[in-house]
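Novice: This structure is in C-alpha cells; I'll ask about it shortly.
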Amino acid sequence: MGEASKLSRYLYTVIVLFVIWIMLTASLDPQELEFGFIASLIIAAFTYPIFTTAGLSNLHPKKVAYAIAYIPYFLWAMIVANLDVAYRVLHPKRPIRPGIVKCRTVLRTDTGKLSLANSITLTPGTITLDVDGDEYFVHWIWVPDEALTDNEEEHVKVSSANITKPFEKFLKVIFG
Amino acid sequence: MNALSITGEVLVFIGTFFYFLSTLGLIRMPDVYNRMQTSTKSATLGSLGVIIGTGLWAVGKGYSPAWIVQTVIVATFLLLTNPISAHTLIRAAYKTGIPMWAGSVVDKYDEHLKAKAQAEEPEEEGDEE
C-alpha cells in the first residue's frame with residue numbers, strides 16, 4: 001500500500017484530532033467546537049507527516065466496524081487472561097512454566113505490527129520481547145506441552161495459534 | 001441514577017482487587033520476567049476498573065456526564081502507552097543479561113540472537129556479550 005496523498009493524510013489527522021478534542025472537552029458548545037476545530041487544523045499541519053501514511057483510507061467503514069468490534073473482543077480476551085494469571089498467582093504451588101516463544105504474524109504494516117505487539121503485551125501472561133520482521137518473541141508465563149517440541153515449525157505454529165492468531169483476524173482488516 | 005454509582009463502586013473494588021493480586025504476584029514470582037507479567041495485569045484490569053469505575057460513580061452521583069467520556073479517554077491513552085513501557089522494560093532486562101528463572105522451559109530469542117550474530121560477521125566478536 002503506497003502513501004496516500006498529502007491532502008488525505010492531512011484531513012485524516014484533522015478528523016482524529018478533532019474527535020479527541022470533542023471527547024476531552026465533552027461538550028458541544030459552539031465556542032469550544034470552533035476553537036477545537038481551528039486548533040486541529042493548525043496542529044495537523046505540523047504533525048500529519050509523522051501521524052499517518054494511509055490517510056483517509058483508514059476511515060473505510062469496514063475498518064471502522066472491525067475496530068469497534070475489536071474493543072469488546074479484546075476486553076474479553078484480557079479479562080479471561082487476567083483471571084488465568086490471577087489463578088497462577090493465588091495457587092499455593094504457583095503453577096508457572098515460563099519461556100520465550102517465537103510466533104509468526106501475517107500482518108504487513110508497521111502500525112499493524114505495533115498494535116499486535118501492544119495487544120499481546122496488554123494481555124496478561126504474554127509480553128512481547130522483540131519483533132524482528134514477521135517474527136515475534138514473546139515471554140509466555142505458561143508454555144503448553146505442544147509448544148515444547150524440537151521441531152521449529154511445529155513450535156512456531158502452536159505458539160502463533162495461541163498468541164497471535166486470536167488478534168490477527170481483526171487487526172488484519174483494520175491495519176492490513 | 002443510583003445503579004450507576006453502585007456499578008462504579010463495584011468496578012473500583014474489582015480494580016483494587018487486581019492491584020492487590022499484582023502486588024502479590026510481584027512478591028511471589030521468581031524472576032523479573034514473571035514479575036513483569038503480573039504487573040502488566042494491574043495496569044490493565046486494575047487501572048481500567050478504577051478509572052472507568054470512578055467515571056460511572058461520578059455520573060451516578062449527579063456530576064456532569066463529561067466524567068465518563070473523559071475517564072474513558074484517560075483509560076484509552078493508558079492502554080495505548082502502557083504496553084510500550086512494559087515491552088521496553090522487559091527488553092532492557094533481557095539485553096542487560098538478567099538470567100531467566102531456572103524453571104523456564106524455552107528461550108527462542110537467545111537462539112535467534114545467536115543465529116543472527118553468526119550470520120552477520122563471524123570475525124567481530126567480543127562486542128555482543
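Chain lettering (A, B, ...) mirrors the order of the C-alpha cells, residue numbering begins at 1 for each chain separately, and ligand numbering begins at 1 in order of display.
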Counting only C-alpha atoms, which residues of chain A come no farther than 8 Å from chain B, as a ChimeraX atom specification?

Specialist: /A:23-27,78-79,82,85-86,89-90,97-102,118-119,121-130,137,139,141,143,148

Novice: What lies within 12 Å of Ala54 (chain A) using only C-alpha atoms, ignoring chain neighbours under 6 positions off, as a PyMOL selection string?

Specialist: chain A and resi 1-13+48+60+109-111+174-176

Novice: Could you save those same residues with C-alpha atoms as a short mmCIF file (atom, residue, chain, number, x, y, z; two decimals), in the first residue's frame?

Specialist:
data_model
loop_
_atom_site.label_atom_id
_atom_site.label_comp_id
_atom_site.auth_asym_id
_atom_site.auth_seq_id
_atom_site.Cartn_x
_atom_site.Cartn_y
_atom_site.Cartn_z
CA MET A 1 0.00 0.00 0.00
CA GLY A 2 1.65 3.20 -1.14
CA GLU A 3 1.43 6.52 0.58
CA ALA A 4 -1.82 8.39 0.33
CA SER A 5 -1.95 11.95 -0.94
CA LYS A 6 -0.92 14.77 1.37
CA LEU A 7 -4.44 16.19 1.49
CA SER A 8 -5.98 12.91 2.55
CA ARG A 9 -3.36 12.40 5.24
CA TYR A 10 -3.89 15.95 6.47
CA LEU A 11 -7.67 15.59 6.59
CA TYR A 12 -7.40 12.30 8.43
CA THR A 13 -5.18 13.90 11.08
CA TYR A 48 0.45 14.84 9.70
CA HIS A 60 -13.18 2.95 5.48
CA THR A 109 2.20 -2.86 8.01
CA ASP A 110 4.18 -1.32 10.86
CA THR A 111 1.05 0.04 12.53
CA ILE A 174 -8.01 -2.77 10.42
CA PHE A 175 -4.35 -2.24 9.58
CA GLY A 176 -3.51 -4.75 6.88
#

Novice: Write out as number ranges by chain the set of residues from region 9-123 of chain B that DSSP, computed on the backbone, places in alpha helix (DSSP H).

Specialist: B: 9-28, 32-41, 47-60, 66-95, 108-120

Novice: Mind checking which residues fall within 12 Å of Gly60 (chain B), counting only C-alpha atoms, ignoring those fewer than 6 positions away in the same chain, and posting them as an mmCIF file with N, CA, C and O atoms, in the first residue's frame?

Specialist:
data_model
loop_
_atom_site.group_PDB
_atom_site.id
_atom_site.type_symbol
_atom_site.label_atom_id
_atom_site.label_comp_id
_atom_site.auth_asym_id
_atom_site.auth_seq_id
_atom_site.Cartn_x
_atom_site.Cartn_y
_atom_site.Cartn_z
ATOM 1 N N MET B 1 -30.387 6.467 38.704
ATOM 2 C CA MET B 1 -29.032 7.005 38.732
ATOM 3 C C MET B 1 -28.158 6.262 39.726
ATOM 4 O O MET B 1 -26.957 6.157 39.592
ATOM 5 N N ASN B 2 -28.809 5.713 40.780
ATOM 6 C CA ASN B 2 -28.002 5.097 41.809
ATOM 7 C C ASN B 2 -27.352 3.796 41.367
ATOM 8 O O ASN B 2 -26.287 3.436 41.852
ATOM 9 N N ALA B 3 -28.019 3.096 40.434
ATOM 10 C CA ALA B 3 -27.439 1.846 39.934
ATOM 11 C C ALA B 3 -26.067 2.122 39.330
ATOM 12 O O ALA B 3 -25.136 1.325 39.465
ATOM 13 N N LEU B 4 -25.946 3.308 38.690
ATOM 14 C CA LEU B 4 -24.668 3.667 38.072
ATOM 15 C C LEU B 4 -23.560 3.773 39.107
ATOM 16 O O LEU B 4 -22.470 3.240 38.938
ATOM 17 N N SER B 5 -23.857 4.481 40.210
ATOM 18 C CA SER B 5 -22.774 4.668 41.186
ATOM 19 C C SER B 5 -22.437 3.346 41.867
ATOM 20 O O SER B 5 -21.280 3.111 42.230
ATOM 21 N N ILE B 6 -23.435 2.463 42.007
ATOM 22 C CA ILE B 6 -23.126 1.158 42.606
ATOM 23 C C ILE B 6 -22.217 0.360 41.662
ATOM 24 O O ILE B 6 -21.208 -0.223 42.073
ATOM 25 N N THR B 7 -22.552 0.377 40.351
ATOM 26 C CA THR B 7 -21.677 -0.286 39.378
ATOM 27 C C THR B 7 -20.270 0.270 39.456
ATOM 28 O O THR B 7 -19.282 -0.469 39.432
ATOM 29 N N GLY B 8 -20.187 1.610 39.554
ATOM 30 C CA GLY B 8 -18.876 2.250 39.656
ATOM 31 C C GLY B 8 -18.115 1.766 40.865
ATOM 32 O O GLY B 8 -16.932 1.426 40.775
ATOM 33 N N GLU B 9 -18.811 1.683 41.988
ATOM 34 C CA GLU B 9 -18.138 1.234 43.206
ATOM 35 C C GLU B 9 -17.650 -0.197 43.061
ATOM 36 O O GLU B 9 -16.527 -0.531 43.477
ATOM 37 N N GLY B 53 -14.602 2.965 36.716
ATOM 38 C CA GLY B 53 -15.476 2.947 37.885
ATOM 39 C C GLY B 53 -15.670 4.337 38.459
ATOM 40 O O GLY B 53 -16.783 4.723 38.814
ATOM 41 N N THR B 54 -14.586 5.096 38.534
ATOM 42 C CA THR B 54 -14.696 6.471 39.028
ATOM 43 C C THR B 54 -15.627 7.290 38.146
ATOM 44 O O THR B 54 -16.474 8.047 38.649
ATOM 45 N N ALA B 66 -19.703 14.417 31.413
ATOM 46 C CA ALA B 66 -18.348 14.538 30.872
ATOM 47 C C ALA B 66 -17.396 13.610 31.605
ATOM 48 O O ALA B 66 -16.390 13.171 31.045
ATOM 49 N N TRP B 67 -17.702 13.318 32.859
ATOM 50 C CA TRP B 67 -16.811 12.460 33.645
ATOM 51 C C TRP B 67 -16.558 11.131 32.962
ATOM 52 O O TRP B 67 -15.419 10.695 32.866
ATOM 53 N N ILE B 68 -17.616 10.501 32.467
ATOM 54 C CA ILE B 68 -17.428 9.155 31.910
ATOM 55 C C ILE B 68 -16.660 9.233 30.601
ATOM 56 O O ILE B 68 -15.759 8.440 30.336
#
